[in-house]
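Student: See upload-v5.cif below, with mmCIF, C-alpha atoms.
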data_data
#
loop_
_atom_site.group_PDB
_atom_site.id
_atom_site.type_symbol
_atom_site.label_atom_id
_atom_site.label_comp_id
_atom_site.auth_asym_id
_atom_site.auth_seq_id
_atom_site.Cartn_x
_atom_site.Cartn_y
_atom_site.Cartn_z
ATOM 1 C CA GLU N 206 118.241 123.541 77.268
ATOM 2 C CA ARG N 207 116.021 123.107 74.227
ATOM 3 C CA LEU N 208 114.072 126.200 75.198
ATOM 4 C CA ALA N 209 117.345 128.113 75.466
ATOM 5 C CA GLY N 210 118.428 126.748 72.058
ATOM 6 C CA TRP N 211 115.197 127.912 70.434
ATOM 7 C CA THR N 212 115.696 131.336 71.992
ATOM 8 C CA TYR N 213 119.244 131.534 70.597
ATOM 9 C CA GLN N 214 117.943 130.654 67.124
ATOM 10 C CA LEU N 215 115.246 133.281 67.427
ATOM 11 C CA ILE N 216 117.553 136.147 68.452
ATOM 12 C CA GLY N 217 120.478 134.960 66.313
ATOM 13 C CA ARG N 218 123.081 134.764 69.072
ATOM 14 C CA GLU N 219 123.849 133.138 72.392
ATOM 15 C CA GLU N 220 122.809 135.279 75.329
ATOM 16 C CA VAL N 221 123.090 133.699 78.810
ATOM 17 C CA PHE N 222 120.564 136.195 80.175
ATOM 18 C CA PHE N 223 117.648 134.258 78.703
ATOM 19 C CA PRO N 224 118.433 130.844 80.221
ATOM 20 C CA ARG N 225 118.900 132.522 83.568
ATOM 21 C CA LEU N 226 115.577 134.284 83.091
ATOM 22 C CA TYR N 227 113.860 130.969 82.342
ATOM 23 C CA SER N 228 115.458 129.370 85.424
ATOM 24 C CA SER N 229 114.269 132.210 87.651
ATOM 25 C CA LEU N 230 110.787 132.021 86.129
ATOM 26 C CA PHE N 231 110.519 128.266 86.738
ATOM 27 C CA TRP N 232 111.773 128.728 90.287
ATOM 28 C CA LEU N 233 109.062 131.344 90.921
ATOM 29 C CA ILE N 234 106.403 129.044 89.453
ATOM 30 C CA GLY N 235 107.549 126.333 91.845
ATOM 31 C CA GLY N 236 107.342 128.872 94.666
ATOM 32 C CA VAL N 237 103.664 129.526 93.886
ATOM 33 C CA GLY N 238 102.949 125.802 94.130
ATOM 34 C CA LEU N 239 104.926 125.554 97.380
ATOM 35 C CA TYR N 240 102.970 128.459 98.879
ATOM 36 C CA LEU N 241 99.618 126.867 97.987
ATOM 37 C CA LEU N 242 100.732 123.476 99.327
ATOM 38 C CA LEU N 243 102.034 124.849 102.648
ATOM 39 C CA LYS N 244 98.917 126.981 103.016
ATOM 40 C CA LYS N 245 96.872 123.773 102.905
ATOM 41 C CA LEU N 246 99.198 121.716 105.088
ATOM 42 C CA VAL N 247 100.238 124.302 107.707
ATOM 43 C CA SER N 248 98.951 127.891 107.659
ATOM 44 C CA ILE N 249 99.372 131.174 105.831
ATOM 45 C CA ASP N 250 102.248 132.141 108.143
ATOM 46 C CA GLY N 251 103.947 128.804 107.523
ATOM 47 C CA ALA N 252 103.427 129.219 103.786
ATOM 48 C CA ILE N 253 105.020 132.676 103.817
ATOM 49 C CA PHE N 254 107.986 131.439 105.842
ATOM 50 C CA GLY N 255 108.453 128.393 103.599
ATOM 51 C CA LEU N 256 108.214 130.504 100.444
ATOM 52 C CA SER N 257 110.745 132.997 101.822
ATOM 53 C CA PHE N 258 113.188 130.225 102.658
ATOM 54 C CA TYR N 259 112.608 128.655 99.231
ATOM 55 C CA LEU N 260 113.245 131.910 97.359
ATOM 56 C CA PHE N 261 116.129 133.371 99.348
ATOM 57 C CA CYS N 262 118.087 130.499 100.858
ATOM 58 C CA PRO N 263 121.559 130.098 99.297
ATOM 59 C CA TYR N 264 120.535 127.146 97.134
ATOM 60 C CA GLY N 265 117.451 128.950 95.872
ATOM 61 C CA ILE N 266 119.442 132.003 94.852
ATOM 62 C CA SER N 267 122.118 130.001 93.041
ATOM 63 C CA ALA N 268 119.781 127.477 91.415
ATOM 64 C CA SER N 269 117.256 130.000 90.166
ATOM 65 C CA ARG N 270 119.977 132.108 88.521
ATOM 66 C CA ALA N 271 122.111 129.346 87.047
ATOM 67 C CA PHE N 272 121.777 127.741 83.655
ATOM 68 C CA MET N 273 120.512 124.284 84.675
ATOM 69 C CA PRO N 274 117.307 122.225 84.515
ATOM 70 C CA ASP N 275 116.907 121.973 88.319
ATOM 71 C CA PRO N 276 114.325 124.800 88.683
ATOM 72 C CA LEU N 277 112.010 123.175 86.142
ATOM 73 C CA MET N 278 112.286 119.754 87.800
ATOM 74 C CA VAL N 279 111.718 121.243 91.254
ATOM 75 C CA ALA N 280 108.663 123.162 90.011
ATOM 76 C CA LEU N 281 107.183 120.046 88.413
ATOM 77 C CA LEU N 282 107.779 118.045 91.596
ATOM 78 C CA ILE N 283 106.110 120.650 93.818
ATOM 79 C CA TRP N 284 103.075 121.018 91.570
ATOM 80 C CA THR N 285 102.743 117.227 91.337
ATOM 81 C CA VAL N 286 102.645 116.948 95.139
ATOM 82 C CA TRP N 287 100.109 119.785 95.275
ATOM 83 C CA ALA N 288 97.919 118.113 92.650
ATOM 84 C CA VAL N 289 97.979 114.746 94.463
ATOM 85 C CA TYR N 290 97.108 116.462 97.749
ATOM 86 C CA ARG N 291 94.175 118.315 96.196
ATOM 87 C CA TRP N 292 92.983 115.108 94.530
ATOM 88 C CA ASN N 293 93.109 113.330 97.870
ATOM 89 C CA GLU N 294 91.154 116.044 99.715
ATOM 90 C CA LYS N 295 87.695 114.869 98.650
ATOM 91 C CA PRO N 296 86.290 111.834 100.511
ATOM 92 C CA ARG N 297 86.063 109.537 97.496
ATOM 93 C CA ASP N 298 89.336 110.641 95.963
ATOM 94 C CA GLY N 299 91.372 108.730 98.525
ATOM 95 C CA CYS N 300 89.577 105.600 97.434
ATOM 96 C CA GLN N 301 90.090 106.436 93.778
ATOM 97 C CA LEU N 302 93.802 106.988 94.355
ATOM 98 C CA GLY N 303 94.057 103.675 96.175
ATOM 99 C CA LEU N 304 92.178 101.859 93.423
ATOM 100 C CA TRP N 305 94.394 103.489 90.801
ATOM 101 C CA LEU N 306 97.464 102.206 92.621
ATOM 102 C CA VAL N 307 95.862 98.760 92.816
ATOM 103 C CA ALA N 308 95.186 98.837 89.077
ATOM 104 C CA ILE N 309 98.746 99.673 88.048
ATOM 105 C CA MET N 310 100.383 97.371 90.611
ATOM 106 C CA SER N 311 98.052 94.372 90.405
ATOM 107 C CA ASP N 312 100.189 92.276 88.077
ATOM 108 C CA GLU N 313 102.141 89.994 90.433
ATOM 109 C CA ILE N 314 102.993 92.872 92.789
ATOM 110 C CA LEU N 315 99.975 93.266 95.065
ATOM 111 C CA LYS N 316 98.075 90.280 96.418
ATOM 112 C CA ILE N 317 94.387 91.086 96.136
ATOM 113 C CA GLY N 318 91.718 89.164 97.990
ATOM 114 C CA ILE N 319 87.954 89.273 98.343
ATOM 115 C CA VAL N 320 86.071 88.511 101.532
ATOM 116 C CA ALA N 321 82.399 87.886 100.740
ATOM 117 C CA VAL N 322 80.047 87.912 103.724
ATOM 118 C CA GLY N 323 76.488 86.611 103.657
ATOM 119 C CA GLY N 324 74.483 85.050 100.878
ATOM 120 C CA ALA N 325 74.269 88.089 98.585
ATOM 121 C CA GLY N 326 77.982 88.861 98.660
ATOM 122 C CA ILE N 327 79.018 85.224 98.226
ATOM 123 C CA SER N 328 76.613 84.687 95.330
ATOM 124 C CA ILE N 329 77.809 87.747 93.392
ATOM 125 C CA VAL N 330 81.521 87.021 93.843
ATOM 126 C CA SER N 331 81.040 83.337 92.941
ATOM 127 C CA LYS N 332 79.418 84.327 89.644
ATOM 128 C CA LEU N 333 82.175 86.823 88.822
ATOM 129 C CA ARG N 334 85.106 84.639 89.854
ATOM 130 C CA ALA N 335 86.137 83.914 86.257
ATOM 131 C CA GLU N 336 86.304 87.656 85.498
ATOM 132 C CA LEU N 337 88.765 88.414 88.311
ATOM 133 C CA PRO N 338 92.151 87.284 86.939
ATOM 134 C CA TYR N 339 94.235 89.034 89.582
ATOM 135 C CA LEU N 340 92.326 87.613 92.533
ATOM 136 C CA ALA N 341 94.765 85.834 94.823
ATOM 137 C CA ARG N 342 92.175 84.517 97.269
ATOM 138 C CA PHE N 343 88.402 84.318 97.635
ATOM 139 C CA ILE N 344 87.151 83.950 101.207
ATOM 140 C CA ALA N 345 83.497 83.301 102.021
ATOM 141 C CA ILE N 346 81.946 83.803 105.466
ATOM 142 C CA ASP N 347 78.338 82.937 106.278
ATOM 143 C CA ILE N 348 75.959 81.556 108.878
ATOM 144 C CA ASN N 349 74.299 79.349 106.247
ATOM 145 C CA LYS N 350 76.226 76.106 105.792
ATOM 146 C CA GLU N 351 74.448 75.070 102.575
ATOM 147 C CA ALA N 352 75.021 78.415 100.866
ATOM 148 C CA LEU N 353 78.639 78.336 101.954
ATOM 149 C CA ASN N 354 79.170 74.895 100.423
ATOM 150 C CA ARG N 355 77.722 76.052 97.095
ATOM 151 C CA SER N 356 80.237 78.891 96.791
ATOM 152 C CA THR N 357 83.436 78.716 94.757
ATOM 153 C CA ALA N 358 85.520 80.228 97.548
ATOM 154 C CA ASP N 359 89.061 79.122 98.278
ATOM 155 C CA ILE N 360 88.430 79.411 102.017
ATOM 156 C CA LYS N 361 85.014 78.910 103.623
ATOM 157 C CA ILE N 362 84.353 79.994 107.194
ATOM 158 C CA LEU N 363 81.120 78.984 108.914
ATOM 159 C CA VAL N 364 79.827 81.154 111.753
ATOM 160 C CA GLY N 365 77.765 79.253 114.283
ATOM 161 C CA ASP N 366 76.586 75.688 113.787
ATOM 162 C CA GLY N 367 75.088 76.374 110.351
ATOM 163 C CA THR N 368 71.546 75.427 111.335
ATOM 164 C CA ASN N 369 70.372 77.861 114.006
ATOM 165 C CA ARG N 370 70.628 81.197 112.274
ATOM 166 C CA PRO N 371 70.569 84.272 114.531
ATOM 167 C CA ARG N 372 67.921 86.865 113.857
ATOM 168 C CA ARG N 373 69.730 89.725 115.567
ATOM 169 C CA THR N 374 72.907 91.404 114.368
ATOM 170 C CA ASP N 375 74.403 91.598 117.863
ATOM 171 C CA LEU N 376 73.967 87.838 118.281
ATOM 172 C CA ALA N 377 75.603 87.206 114.900
ATOM 173 C CA ARG N 378 78.631 89.270 115.912
ATOM 174 C CA PHE N 379 78.795 87.329 119.179
ATOM 175 C CA LEU N 380 78.801 84.024 117.285
ATOM 176 C CA ALA N 381 81.665 85.308 115.135
ATOM 177 C CA GLN N 382 84.013 85.595 118.112
ATOM 178 C CA PRO N 383 85.282 81.973 117.927
ATOM 179 C CA VAL N 384 86.177 82.264 114.214
ATOM 180 C CA LYS N 385 88.115 85.535 114.391
ATOM 181 C CA ALA N 386 91.410 83.668 114.355
ATOM 182 C CA GLN N 387 90.313 81.786 111.220
ATOM 183 C CA ILE N 388 89.470 85.057 109.486
ATOM 184 C CA VAL N 389 92.847 86.556 110.411
ATOM 185 C CA ASP N 390 94.629 83.471 109.077
ATOM 186 C CA ALA N 391 92.535 83.583 105.894
ATOM 187 C CA VAL N 392 93.561 87.156 105.008
ATOM 188 C CA ALA N 393 97.220 86.660 105.953
ATOM 189 C CA GLY N 394 99.577 87.663 103.155
ATOM 190 C CA LEU N 395 97.050 89.839 101.318
ATOM 191 C CA ASP N 396 97.860 93.461 100.513
ATOM 192 C CA VAL N 397 94.436 94.673 99.361
ATOM 193 C CA VAL N 398 91.092 93.252 100.497
ATOM 194 C CA PHE N 399 87.655 93.907 99.016
ATOM 195 C CA LEU N 400 84.896 93.260 101.555
ATOM 196 C CA VAL N 401 81.665 92.405 99.719
ATOM 197 C CA ALA N 402 78.484 92.075 101.774
ATOM 198 C CA GLY N 403 74.761 92.422 101.314
ATOM 199 C CA MET N 404 73.321 94.984 103.703
ATOM 200 C CA GLY N 405 69.987 94.525 105.438
ATOM 201 C CA GLY N 406 70.354 90.874 106.361
ATOM 202 C CA VAL N 407 71.801 89.613 109.630
ATOM 203 C CA ALA N 408 74.908 87.943 108.190
ATOM 204 C CA GLY N 409 76.053 90.704 105.846
ATOM 205 C CA SER N 410 75.177 93.608 108.141
ATOM 206 C CA ALA N 411 76.760 92.151 111.265
ATOM 207 C CA LEU N 412 79.642 89.966 110.137
ATOM 208 C CA SER N 413 80.982 92.552 107.679
ATOM 209 C CA LEU N 414 81.675 94.879 110.619
ATOM 210 C CA THR N 415 83.572 92.142 112.448
ATOM 211 C CA VAL N 416 85.680 91.459 109.354
ATOM 212 C CA ALA N 417 86.285 95.191 108.808
ATOM 213 C CA ASP N 418 87.547 95.533 112.385
ATOM 214 C CA LEU N 419 89.958 92.648 111.856
ATOM 215 C CA LEU N 420 91.220 94.103 108.567
ATOM 216 C CA ARG N 421 91.807 97.503 110.123
ATOM 217 C CA ALA N 422 93.893 95.888 112.871
ATOM 218 C CA ARG N 423 96.227 94.219 110.332
ATOM 219 C CA PRO N 424 99.030 96.700 109.450
ATOM 220 C CA GLU N 425 100.204 94.567 106.524
ATOM 221 C CA ILE N 426 96.920 95.172 104.686
ATOM 222 C CA LEU N 427 97.516 98.327 102.663
ATOM 223 C CA LEU N 428 93.922 98.972 101.643
ATOM 224 C CA SER N 429 90.541 97.614 102.741
ATOM 225 C CA ILE N 430 87.672 98.472 100.402
ATOM 226 C CA GLY N 431 84.098 97.930 101.485
ATOM 227 C CA VAL N 432 81.607 96.957 98.779
ATOM 228 C CA PRO N 433 78.201 97.052 100.501
ATOM 229 C CA ILE N 434 75.164 95.960 98.504
ATOM 230 C CA THR N 435 72.005 97.772 99.536
ATOM 231 C CA PRO N 436 68.679 95.884 99.596
ATOM 232 C CA PHE N 437 65.893 96.202 97.048
ATOM 233 C CA ALA N 438 63.257 98.821 97.803
ATOM 234 C CA PHE N 439 60.539 96.157 97.989
ATOM 235 C CA GLU N 440 62.357 94.356 100.819
ATOM 236 C CA GLY N 441 60.766 96.736 103.277
ATOM 237 C CA PRO N 442 61.715 99.551 105.653
ATOM 238 C CA ARG N 443 63.140 97.220 108.322
ATOM 239 C CA ARG N 444 65.887 95.880 106.056
ATOM 240 C CA GLN N 445 66.495 99.376 104.708
ATOM 241 C CA LYS N 446 67.004 100.665 108.255
ATOM 242 C CA ILE N 447 69.368 97.827 109.172
ATOM 243 C CA ALA N 448 71.295 98.437 105.944
ATOM 244 C CA ALA N 449 71.623 102.181 106.608
ATOM 245 C CA ILE N 450 73.011 101.594 110.108
ATOM 246 C CA ALA N 451 75.440 98.908 108.892
ATOM 247 C CA LEU N 452 76.552 101.070 105.957
ATOM 248 C CA LYS N 453 77.386 103.971 108.259
ATOM 249 C CA SER N 454 79.309 101.686 110.614
ATOM 250 C CA LEU N 455 81.212 100.088 107.739
ATOM 251 C CA ALA N 456 82.224 103.513 106.416
ATOM 252 C CA ASN N 457 83.975 104.211 109.735
ATOM 253 C CA ARG N 458 85.930 100.954 109.525
ATOM 254 C CA ALA N 459 86.970 100.477 105.885
ATOM 255 C CA ASP N 460 89.464 102.712 104.103
ATOM 256 C CA CYS N 461 86.835 103.527 101.499
ATOM 257 C CA LEU N 462 83.458 102.345 100.226
ATOM 258 C CA ILE N 463 82.077 101.449 96.817
ATOM 259 C CA PRO N 464 78.327 101.048 97.475
ATOM 260 C CA LEU N 465 76.282 99.015 94.996
ATOM 261 C CA ARG N 466 72.513 98.959 94.618
ATOM 262 C CA ASN N 467 70.732 95.654 94.140
ATOM 263 C CA GLU N 468 68.535 97.353 91.531
ATOM 264 C CA ALA N 469 71.612 98.299 89.508
ATOM 265 C CA LEU N 470 73.022 94.776 89.713
ATOM 266 C CA ALA N 471 69.698 93.355 88.546
ATOM 267 C CA GLU N 472 69.533 95.577 85.455
ATOM 268 C CA PRO N 473 70.420 93.818 82.189
ATOM 269 C CA SER N 474 73.812 94.746 80.745
ATOM 270 C CA SER N 475 75.239 94.643 77.237
ATOM 271 C CA GLY N 476 77.426 91.691 78.195
ATOM 272 C CA ASP N 477 80.722 93.380 77.304
ATOM 273 C CA GLY N 478 81.423 94.938 80.685
ATOM 274 C CA VAL N 479 83.324 93.657 83.685
ATOM 275 C CA LEU N 480 82.384 94.533 87.242
#
What does the file become when written as structure tokens?
Tutor:
Amino acid sequence: ERLAGWTYQLIGREEVFFPRLYSSLFWLIGGVGLYLLLKKLVSIDGAIFGLSFYLFCPYGISASRAFMPDPLMVALLIWTVWAVYRWNEKPRDGCQLGLWLVAIMSDEILKIGIVAVGGAGISIVSKLRAELPYLARFIAIDINKEALNRSTADIKILVGDGTNRPRRTDLARFLAQPVKAQIVDAVAGLDVVFLVAGMGGVAGSALSLTVADLLRARPEILLSIGVPITPFAFEGPRRQKIAAIALKSLANRADCLIPLRNEALAEPSSGDGVL
């Protein structure tokens, strides 16, 4: 309406042709966005059919030639859906979209929890606990009883007897079978879960996969985000190989990954940043 008013001022009179022209133009712009969206979602034939229906169905004919704001709103809606779809096409963009939703909805709307697995993950989260104001629950899972007791976690789950630590990842996953119910109970009520684990060791590499499987099976959890921490280069090729295998397996289980390097975490910071 404002655009039509400016046009009337410019030409010195009211002429209904111009608002109708603007409406038709906006409707056509929306049609371009609809064609591109349907081409991505269906096929070229489906896009042509959808565009034809959009342009020539009775509502399209009347709306695009009437003096009303509907064509502009419809065009903006279509292009918004197209933009979100394109943004979500790239592998990391889905994670970014999910994290953006977490950021804007974190204030007493979403319940966010962290599950730290293994010594490295538990240590990092324990140190950062004060900088996580929206954290609803901190859960620690480990095969080391002493390290588990030193953590600041709200819920601590010990795998095994705490003394005889398995040296194989398959054995660690086997020992985690009896505590699966505890893990499920620990994450109950959470909407978003960050899974933090050090890769390369037995606990982080093996138990993180068990936790990821349990999170994926819980429909009430909207988003599970894996935060794997890769080993230092000096820790040797064996740990690097174990970490690479675990990282690939975790990527197939979590909704998205935010990998962190131990070297990056060890670098000194300015002190004014928050992880």
Student: Between CA of Phe343 (chain N) and CA of Gly403 (chain N), measure the distance and give it in Å to one decimal.
Tutor: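 That distance, rounded to one decimal, is 16.3 Å.
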Student: Work out how far apart CA of Ala386 (chain N) and CA of Gly318 (chain N) are and give it in Å to one decimal.
Tutor: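 Between CA of Ala386 (chain N) and CA of Gly318 (chain N) the gap works out to 17.3 Å.
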Student: List as a short mmCIF file (atom, residue, chain, number, x, y, z; two decimals) with C-alpha atoms, in the coordinates of the input the protein and nucleic acid residues near Ile348 (chain N), meaning an atom at most 10 Å away when all atoms listed in the file are counted, but skip any in the same chain fewer than 2 places from it.
Tutor:
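That gives us around-v2.cif:
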data_model
loop_
_atom_site.label_atom_id
_atom_site.label_comp_id
_atom_site.auth_asym_id
_atom_site.auth_seq_id
_atom_site.Cartn_x
_atom_site.Cartn_y
_atom_site.Cartn_z
CA VAL N 322 80.05 87.91 103.72
CA GLY N 323 76.49 86.61 103.66
CA GLY N 324 74.48 85.05 100.88
CA ILE N 346 81.95 83.80 105.47
CA LYS N 350 76.23 76.11 105.79
CA GLU N 351 74.45 75.07 102.58
CA ALA N 352 75.02 78.42 100.87
CA LEU N 353 78.64 78.34 101.95
CA ILE N 362 84.35 79.99 107.19
CA LEU N 363 81.12 78.98 108.91
CA VAL N 364 79.83 81.15 111.75
CA GLY N 365 77.76 79.25 114.28
CA ASP N 366 76.59 75.69 113.79
CA GLY N 367 75.09 76.37 110.35
CA THR N 368 71.55 75.43 111.34
CA ASN N 369 70.37 77.86 114.01
CA ARG N 370 70.63 81.20 112.27
CA PRO N 371 70.57 84.27 114.53
CA ALA N 377 75.60 87.21 114.90
CA LEU N 380 78.80 84.02 117.28
CA ALA N 381 81.67 85.31 115.14
CA VAL N 407 71.80 89.61 109.63
CA ALA N 408 74.91 87.94 108.19
CA GLY N 409 76.05 90.70 105.85
CA LEU N 412 79.64 89.97 110.14
#
Student: Could you tell me how far CA of Lys446 (chain N) lies from CA of Met404 (chain N), in Å and to one decimal?
Tutor: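 Interatomic distance, CA of Lys446 (chain N) to CA of Met404 (chain N): 9.6 Å.
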Student: Excluding region 455-466 of chain N and any residue of its chain fewer than 6 positions from it, enumerate the residues within 6 Å of it, using only C-alpha atoms, and give them as a PDB file with C-alpha atoms, in the frame of the given file.
Tutor:
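Result saved to result-v6.pdb:
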ATOM      1  CA  CYS N 300      89.577 105.600  97.434  1.00  0.00           C
ATOM      2  CA  LEU N 414      81.675  94.879 110.619  1.00  0.00           C
ATOM      3  CA  ALA N 417      86.285  95.191 108.808  1.00  0.00           C
ATOM      4  CA  SER N 429      90.541  97.614 102.741  1.00  0.00           C
ATOM      5  CA  ILE N 430      87.672  98.472 100.402  1.00  0.00           C
ATOM      6  CA  GLY N 431      84.098  97.930 101.485  1.00  0.00           C
ATOM      7  CA  VAL N 432      81.607  96.957  98.779  1.00  0.00           C
ATOM      8  CA  PRO N 433      78.201  97.052 100.501  1.00  0.00           C
ATOM      9  CA  ILE N 434      75.164  95.960  98.504  1.00  0.00           C
ATOM     10  CA  THR N 435      72.005  97.772  99.536  1.00  0.00           C
TER      11      THR N 435
END
Student: Specify as an MDAnalysis selection string each residue included when the PyMOL selection byres ((chain N and resi 239-252) around 10) is applied to this file.
Tutor: chainID N and resid 233:238 253:259 280 282:284 286:288 290:291
Student: Starting from the displayed file, determine the output of the PyMOL selection byres ((chain N and resi 208-217) around 12) and express the residue list as a list in words.
Tutor: Glu206, Arg207, Arg218, Glu219, Glu220, Val221, Phe222, Phe223, Pro224, Arg225, Leu226, Tyr227, Ser228, Phe272, Met273, Pro274 and Leu277 of chain N
Student: Counting only C-alpha atoms, which residue out of N:Ile447, N:Thr415, N:Val389, N:Glu336 sits closest to Arg373 (chain N)?
Tutor: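 Checking each candidate against Arg373 (chain N), we get N:Ile447 as the closest.
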Student: Have a look at N:Glu468, N:Leu400, N:Ser356, N:Arg334 and name the one nearest to Phe439 (chain N); count only C-alpha atoms.
Tutor: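 Checking each of N:Glu468, N:Leu400, N:Ser356, N:Arg334 against Phe439 (chain N), counting only C-alpha atoms, the winner is N:Glu468.
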Student: Would you mind telling me which residue in N:Val320, N:Ala325, N:Ala422, N:Leu315 lies nearest to Gly406 (chain N) when using all atoms listed in the file?
Tutor: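 Of N:Val320, N:Ala325, N:Ala422, N:Leu315, the one nearest Gly406 (chain N), counting all atoms listed in the file, is N:Ala325.
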